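S.K.: Following this line is entry.cif, made up of mmCIF, C-alpha atoms:
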data_start
#
loop_
_atom_site.label_atom_id
_atom_site.label_comp_id
_atom_site.auth_asym_id
_atom_site.auth_seq_id
_atom_site.Cartn_x
_atom_site.Cartn_y
_atom_site.Cartn_z
CA MET A 129 18.84 -5.56 12.07
CA GLU A 130 17.07 -2.21 12.38
CA ILE A 131 13.28 -2.12 12.46
CA ILE A 132 10.81 0.76 12.47
CA ILE A 133 7.39 -0.01 13.92
CA ASP A 134 4.07 1.69 13.25
CA GLY A 135 3.67 3.19 16.72
CA ASP A 136 0.03 4.12 16.17
CA MET A 137 -0.84 0.46 15.77
CA VAL A 138 1.08 -0.39 18.96
CA LEU A 139 -0.97 2.20 20.84
CA TYR A 140 -4.36 1.07 19.61
CA ARG A 141 -3.71 -2.66 20.03
CA ALA A 142 -2.45 -2.23 23.58
CA ALA A 143 -5.16 0.23 24.57
CA HIS A 144 -7.97 -1.96 23.27
CA SER A 145 -6.54 -4.98 25.06
CA ALA A 146 -6.14 -3.14 28.38
CA GLU A 147 -9.68 -1.78 28.62
CA THR A 148 -11.68 -3.66 31.24
CA PRO A 149 -15.46 -3.40 31.71
CA THR A 150 -16.68 -3.79 35.30
CA LYS A 151 -20.26 -4.39 36.44
CA TRP A 152 -20.79 -2.94 39.93
CA ASP A 153 -24.44 -3.83 40.40
CA ASP A 154 -27.47 -4.82 38.34
CA SER A 155 -27.37 -1.66 36.22
CA PHE A 156 -24.05 0.16 36.71
CA TRP A 157 -21.01 -0.48 34.53
CA THR A 158 -17.67 1.30 34.20
CA LEU A 159 -14.78 0.96 31.80
CA HIS A 160 -11.25 1.42 33.07
CA THR A 161 -7.61 0.97 32.06
CA ASP A 162 -4.66 0.16 34.27
CA GLU A 163 -1.70 2.17 32.98
CA GLY A 164 0.80 -0.42 34.19
CA GLU A 165 -1.02 -3.16 32.30
CA LEU A 166 -1.21 -0.91 29.25
CA ARG A 167 2.56 -0.45 29.28
CA ASP A 168 3.20 -4.15 29.80
CA ILE A 169 1.04 -5.12 26.83
CA ALA A 170 2.76 -2.61 24.54
CA ILE A 171 6.25 -3.69 25.60
CA HIS A 172 5.33 -7.37 25.25
CA ASN A 173 4.04 -6.79 21.70
CA ILE A 174 7.15 -4.85 20.72
CA GLU A 175 9.51 -7.41 22.24
CA GLN A 176 7.78 -10.24 20.37
CA ILE A 177 8.44 -8.41 17.10
CA GLU A 178 12.05 -7.69 18.06
CA GLN A 179 12.67 -11.36 18.84
CA LYS A 180 10.99 -12.51 15.63
CA LEU A 181 13.11 -10.20 13.47
CA LYS A 182 16.27 -10.40 15.61
CA ALA A 183 16.22 -6.62 15.88
CA THR A 184 19.30 -4.81 17.16
CA ASN A 185 17.77 -1.33 16.88
CA THR A 186 14.09 -0.38 17.20
CA ILE A 187 12.37 2.85 16.19
CA LEU A 188 8.73 3.79 16.72
CA SER A 189 6.93 6.21 14.42
CA PHE A 190 3.85 8.20 15.41
CA THR A 191 1.38 10.40 13.52
CA ASP A 192 1.62 14.18 13.88
CA SER A 193 -1.39 16.22 14.98
CA LYS A 194 -1.51 17.82 11.51
CA ASN A 195 -1.98 15.89 8.27
CA PHE A 196 -1.02 17.21 4.84
CA ARG A 197 -3.74 15.12 3.13
CA LYS A 198 -6.45 17.14 4.85
CA GLU A 199 -5.10 20.28 3.19
CA PHE A 200 -6.32 19.13 -0.24
CA TYR A 201 -9.03 16.71 0.95
CA PRO A 202 -10.65 17.89 4.20
CA GLU A 203 -12.82 14.76 4.44
CA TYR A 204 -9.80 12.50 4.83
CA LYS A 205 -10.51 10.18 7.79
CA ALA A 206 -13.52 12.33 8.70
CA ASN A 207 -15.47 9.08 9.14
CA ARG A 208 -13.46 8.47 12.32
CA LYS A 209 -14.36 11.71 14.08
CA ASP A 210 -17.19 10.25 16.14
CA LYS A 211 -15.44 7.02 17.03
CA ARG A 212 -14.22 6.77 20.59
CA LYS A 213 -10.51 6.19 21.04
CA PRO A 214 -9.57 3.53 23.57
CA MET A 215 -8.48 4.82 26.96
CA GLY A 216 -4.87 5.63 27.79
CA ILE A 217 -3.50 6.19 24.29
CA GLN A 218 -1.93 9.59 24.92
CA ALA A 219 -0.37 8.51 28.22
CA LEU A 220 1.08 5.39 26.58
CA ARG A 221 2.47 7.38 23.67
CA GLU A 222 4.20 9.82 26.00
CA TRP A 223 5.69 6.98 28.02
CA LEU A 224 6.93 5.06 24.97
CA THR A 225 8.84 8.13 23.81
CA THR A 226 10.91 7.79 26.99
CA GLN A 227 11.65 4.12 26.29
CA TYR A 228 12.42 4.09 22.55
CA VAL A 229 13.77 6.23 19.77
CA THR A 230 10.61 7.76 18.27
CA LEU A 231 9.97 9.72 15.10
CA VAL A 232 7.18 12.28 14.64
CA TRP A 233 7.53 14.51 11.57
CA ASP A 234 5.45 17.62 10.93
CA ASN A 235 2.27 17.07 8.89
CA LEU A 236 2.90 13.35 8.36
CA GLU A 237 1.24 10.13 9.41
CA ALA A 238 3.26 7.31 10.94
CA ASP A 239 2.98 5.46 7.60
CA ASP A 240 4.66 8.32 5.75
CA VAL A 241 7.50 8.51 8.27
CA ILE A 242 8.11 4.79 7.79
CA GLY A 243 7.86 5.05 4.00
CA ILE A 244 10.44 7.84 3.84
CA TYR A 245 12.75 6.24 6.40
CA CYS A 246 12.77 2.81 4.79
CA THR A 247 13.29 4.07 1.25
CA ARG A 248 16.22 6.11 2.58
CA ASN A 249 17.53 3.13 4.54
CA PRO A 250 16.73 0.02 2.45
CA ASN A 251 18.02 -2.45 5.02
CA THR A 252 15.52 -1.29 7.65
CA ILE A 253 12.41 -3.45 8.03
CA ALA A 254 9.03 -1.74 8.36
CA VAL A 255 6.61 -3.31 10.82
CA SER A 256 2.85 -2.84 10.50
CA GLY A 257 -0.33 -4.82 9.96
CA ASP A 258 -1.65 -2.20 7.53
CA LYS A 259 -2.17 -3.54 4.00
CA ASP A 260 -1.22 -0.12 2.59
CA PHE A 261 2.45 -0.95 3.16
CA ALA A 262 2.26 -3.15 0.06
CA THR A 263 2.39 0.12 -1.92
CA LEU A 264 5.97 0.74 -0.76
CA PRO A 265 9.14 -0.74 -2.37
CA ILE A 266 10.57 -1.89 0.96
CA LYS A 267 11.08 -4.81 3.31
CA TRP A 268 7.88 -5.12 5.30
CA TYR A 269 6.91 -7.39 8.17
CA ASN A 270 3.15 -7.81 8.57
CA HIS A 271 3.05 -8.85 12.21
CA LEU A 272 -0.67 -9.67 12.06
CA LYS A 273 -0.02 -12.32 9.40
CA ASP A 274 3.54 -13.14 10.49
CA GLU A 275 4.79 -12.46 6.95
CA LEU A 276 8.06 -10.84 5.90
CA VAL A 277 7.85 -9.48 2.36
CA THR A 278 10.18 -7.59 0.05
CA THR A 279 8.11 -5.54 -2.39
CA THR A 280 9.71 -4.54 -5.69
CA PRO A 281 9.19 -1.06 -7.18
CA ALA A 282 6.99 -2.57 -9.91
CA GLU A 283 4.85 -4.40 -7.35
CA ALA A 284 4.58 -1.28 -5.21
CA ARG A 285 3.44 0.79 -8.19
CA PHE A 286 0.86 -1.86 -9.12
CA ASN A 287 -0.50 -1.95 -5.58
CA HIS A 288 -0.71 1.82 -5.39
CA LEU A 289 -2.67 2.03 -8.61
CA LEU A 290 -4.85 -0.84 -7.40
CA GLN A 291 -5.79 1.28 -4.40
CA THR A 292 -6.33 4.27 -6.66
CA LEU A 293 -9.09 2.27 -8.32
CA THR A 294 -10.63 0.88 -5.13
CA GLY A 295 -10.21 3.81 -2.75
CA ASP A 296 -10.03 3.15 0.97
CA THR A 297 -13.25 3.24 2.98
CA VAL A 298 -11.31 2.88 6.23
CA ASP A 299 -9.58 6.21 5.51
CA GLY A 300 -12.73 7.78 4.12
CA PHE A 301 -12.05 8.22 0.41
CA ASP A 302 -13.56 6.57 -2.65
CA GLY A 303 -12.10 5.19 -5.82
CA ILE A 304 -14.39 3.97 -8.57
CA LYS A 305 -17.74 2.96 -7.12
CA GLY A 306 -18.32 -0.78 -7.22
CA VAL A 307 -14.68 -1.64 -7.95
CA GLY A 308 -13.12 -3.90 -5.32
CA PRO A 309 -9.62 -5.41 -5.18
CA VAL A 310 -10.44 -8.43 -7.39
CA THR A 311 -12.03 -6.32 -10.13
CA ALA A 312 -9.29 -3.67 -9.90
CA ARG A 313 -6.58 -6.29 -10.28
CA LYS A 314 -8.23 -7.66 -13.41
CA MET A 315 -8.60 -4.14 -14.81
CA LEU A 316 -4.91 -3.40 -14.31
CA GLN A 317 -3.77 -6.75 -15.66
CA SER A 318 -5.82 -6.33 -18.82
CA GLY A 319 -5.37 -2.61 -19.42
CA GLY A 320 -1.91 -2.00 -17.98
CA THR A 321 -0.52 0.22 -15.24
CA THR A 322 -0.22 3.44 -17.23
CA TRP A 323 -1.77 6.59 -15.88
CA GLY A 324 -3.71 6.92 -19.10
CA ASN A 325 -5.41 3.60 -18.38
CA ILE A 326 -6.32 4.72 -14.86
CA VAL A 327 -7.87 7.92 -16.18
CA GLU A 328 -9.75 6.02 -18.89
CA MET A 329 -11.26 3.70 -16.29
CA TYR A 330 -12.33 6.66 -14.18
CA GLU A 331 -13.87 8.46 -17.12
CA LYS A 332 -15.88 5.38 -18.09
CA LYS A 333 -17.65 5.81 -14.74
CA ASP A 334 -18.31 9.54 -15.32
CA LEU A 335 -15.41 10.58 -13.11
CA THR A 336 -12.54 12.89 -14.02
CA GLU A 337 -8.77 12.80 -14.09
CA ASP A 338 -8.81 15.18 -11.11
CA ASP A 339 -10.85 12.59 -9.20
CA ALA A 340 -8.28 9.92 -10.03
CA LEU A 341 -5.37 12.19 -9.08
CA THR A 342 -6.90 13.07 -5.71
CA THR A 343 -7.47 9.41 -4.89
CA ALA A 344 -3.95 8.47 -6.00
CA ARG A 345 -2.44 11.17 -3.79
CA LEU A 346 -4.50 10.09 -0.79
CA ALA A 347 -3.50 6.45 -1.26
CA TYR A 348 0.19 7.16 -1.77
CA ILE A 349 2.56 6.72 1.19
CA LEU A 350 5.47 9.14 0.98
CA GLN A 351 8.95 7.96 0.03
CA ASP A 352 12.44 9.45 0.03
CA GLY A 353 12.42 12.71 -1.90
CA ASP A 354 8.77 13.48 -1.18
CA TYR A 355 9.39 15.45 2.03
CA ASN A 356 11.63 18.44 2.74
CA ASP A 357 13.13 17.93 6.19
CA GLU A 358 13.88 21.63 6.60
CA THR A 359 10.71 23.31 5.30
CA LYS A 360 8.40 20.38 6.22
CA GLU A 361 6.81 20.65 2.78
CA VAL A 362 5.39 17.61 0.99
CA LYS A 363 5.81 16.95 -2.72
CA LEU A 364 2.48 15.49 -3.81
CA TRP A 365 2.48 12.36 -5.94
CA THR A 366 2.62 13.00 -9.70
CA PRO A 367 1.75 10.31 -12.28
CA GLN A 368 4.31 8.89 -14.62
CA THR A 369 3.41 9.84 -18.16
CA ASN A 370 5.06 6.84 -19.84
#
I'd like the structure from this file rewritten - as structure tokens, please.
M.R.:
Amino acid sequence: MEIIIDGDMVLYRAAHSAETPTKWDDSFWTLHTDEGELRDIAIHNIEQIEQKLKATNTILSFTDSKNFRKEFYPEYKANRKDKRKPMGIQALREWLTTQYVTLVWDNLEADDVIGIYCTRNPNTIAVSGDKDFATLPIKWYNHLKDELVTTTPAEARFNHLLQTLTGDTVDGFDGIKGVGPVTARKMLQSGGTTWGNIVEMYEKKDLTEDDALTTARLAYILQDGDYNDETKEVKLWTPQTN
């Protein structure tokens, strides 16, 4: 069984776990990371997943330094700019690339790499604790919940439109103000999953179709056919009209 793991999540989980605060006297503290411990934690986490899924081939995906979403929405993830990254992330990433097959594609996040790869290779299992993977029609193992799920195209479309209504505060973009997952689900179940219904719900809150389209494109994880491997160009999500 082939698996592709969200490498960004591996980095952050290991780096957070490896940070150690030390109090030297009554008023002096330092924070340090042992690189050997950092590597051991990452490998242990990966091996646990491999054993759980009986993996015979493992790929890690990482986010590129450039992000196509920022080209049409500069505030994407801007809320994270002032947050300190845990120590040792870059060193761990560089080391993991010597231990595993890794994928980093121009202008894409790790999620997009996984979305494209898994929709091209349907038997590959995606591994991540990110709820956004429910918007992809793939096999997905949520290692934080220990759940293996196969999402149908209809379910993936529903979940994507659900996020179009709610937005994603973690990634720094809004949907319809005051609409959370429970309300959004009821709205879609009663009104349907047509693009016209999405626009109507936006316009009822004095928003525009352009607002809805921007949110939908930010929430959408790329799939096979959305990325040109040669030119590195992204085909932005376009709503179905029927």
S.K.: Would you mind telling me which residue in A:His144, A:Lys267, A:Arg248, A:Lys333 lies nearest to Leu293 of chain A when using all atoms listed in the file?
M.R.: A:Lys333
S.K.: Take the PyMOL selection byres ((chain A and resi 135) around 6), run it mentally on this structure, and tell me the resulting residues as a PyMOL selection string.
M.R.: chain A and resi 133-134+136-138+188-190
S.K.: List the residues matched by the PyMOL selection byres ((chain A and resi 229) around 9) in the displayed structure as a list in words, ordered by chain and then by residue number.
M.R.: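 The output of the PyMOL selection byres ((chain A and resi 229) around 9) on this file is Thr186, Ile187, Leu188, Ser189, Leu224, Thr225, Thr226, Gln227, Tyr228, Thr230 and Leu231 of chain A.
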S.K.: Dump C-alpha atoms for the selected residues as a PDB file, in the coordinates of the input?
M.R.:
ATOM      1  CA  THR A 186      14.090  -0.380  17.200  1.00  0.00           C
ATOM      2  CA  ILE A 187      12.370   2.850  16.190  1.00  0.00           C
ATOM      3  CA  LEU A 188       8.730   3.790  16.720  1.00  0.00           C
ATOM      4  CA  SER A 189       6.930   6.210  14.420  1.00  0.00           C
ATOM      5  CA  LEU A 224       6.930   5.060  24.970  1.00  0.00           C
ATOM      6  CA  THR A 225       8.840   8.130  23.810  1.00  0.00           C
ATOM      7  CA  THR A 226      10.910   7.790  26.990  1.00  0.00           C
ATOM      8  CA  GLN A 227      11.650   4.120  26.290  1.00  0.00           C
ATOM      9  CA  TYR A 228      12.420   4.090  22.550  1.00  0.00           C
ATOM     10  CA  THR A 230      10.610   7.760  18.270  1.00  0.00           C
ATOM     11  CA  LEU A 231       9.970   9.720  15.100  1.00  0.00           C
TER      12      LEU A 231
END
S.K.: What does the PyMOL selection byres ((chain A and resi 159) around 6) select in this file, as a list in words?
M.R.: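 Here the PyMOL selection byres ((chain A and resi 159) around 6) matches Thr148, Pro149, Thr158 and His160 of chain A.
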S.K.: Taking the point (0.2, 18.7, 5.7) as given in the file, collect each protein or nucleic acid residue that comes within 9 Å of it, counting all atoms listed in the file, and present the set as number ranges by chain.
M.R.: A: 194-200, 234-236, 360-362
S.K.: Measuring between only C-alpha atoms, which one of A:Asp260, A:Gln291, A:Phe156, A:Asp357 shows the shortest distance to Val232 of chain A?
M.R.: A:Asp357
S.K.: Got a sec: who's within 10 Å of Met329 of chain A, counting all atoms listed in the file, leaving out chain neighbours fewer than 6 positions off, as a PyMOL selection string?
M.R.: chain A and resi 293+304+312+315-316+319+323+335-337+340
S.K.: So which residues are close to (-3.2, -5.2, 32.8), meaning at most 10 Å away in the file's coordinates with only C-alpha atoms counted, and can you show them as a PyMOL selection string?
M.R.: chain A and resi 142+145-148+161-169
S.K.: At a cut-off of 6 Å, using only C-alpha atoms, what residues contact Arg345 of chain A? Leave out same-chain residues fewer than 3 positions from it and give the result as a list in words.
M.R.: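 Answer for this query is Thr342, Tyr348 and Trp365 of chain A.
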S.K.: Taking into account only C-alpha atoms, which residue in the set A:Pro202, A:Gly257, A:Pro281, A:Gly295 is nearest to Gln351 of chain A?
M.R.: A:Pro281
S.K.: Considering all atoms listed in the file, return as a list in words whatever protein or nucleic-acid residues lie within 10 Å of segment 175-180 of chain A, sequence-local ones (same chain, fewer than 5 positions apart) excluded.
M.R.: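 In the requested form, the answer reads Met129, Glu130, Ile131, Ile133, Ile169, Ala170, Asn185, Thr186, Val255, Tyr269, His271 and Asp274 of chain A.
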S.K.: In Å to one decimal, how far is atom CA of Leu290 of chain A from atom CA of Val327 of chain A?
M.R.: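 Calculated distance between atom CA of Val327 of chain A and atom CA of Leu290 of chain A is 12.8 Å.
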S.K.: Quick one: pull the distance between atom CA of Tyr201 of chain A and atom CA of Val298 of chain A, Å, one decimal.
M.R.: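 Between atom CA of Tyr201 of chain A and atom CA of Val298 of chain A the gap is 15.0 Å.
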S.K.: Find the residue from A:Ile171, A:Ala238, A:Ile349, A:Ala143 that sits nearest to Gly216 of chain A; use all atoms listed in the file when measuring.
M.R.: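 Nearest to Gly216 of chain A: A:Ala143.
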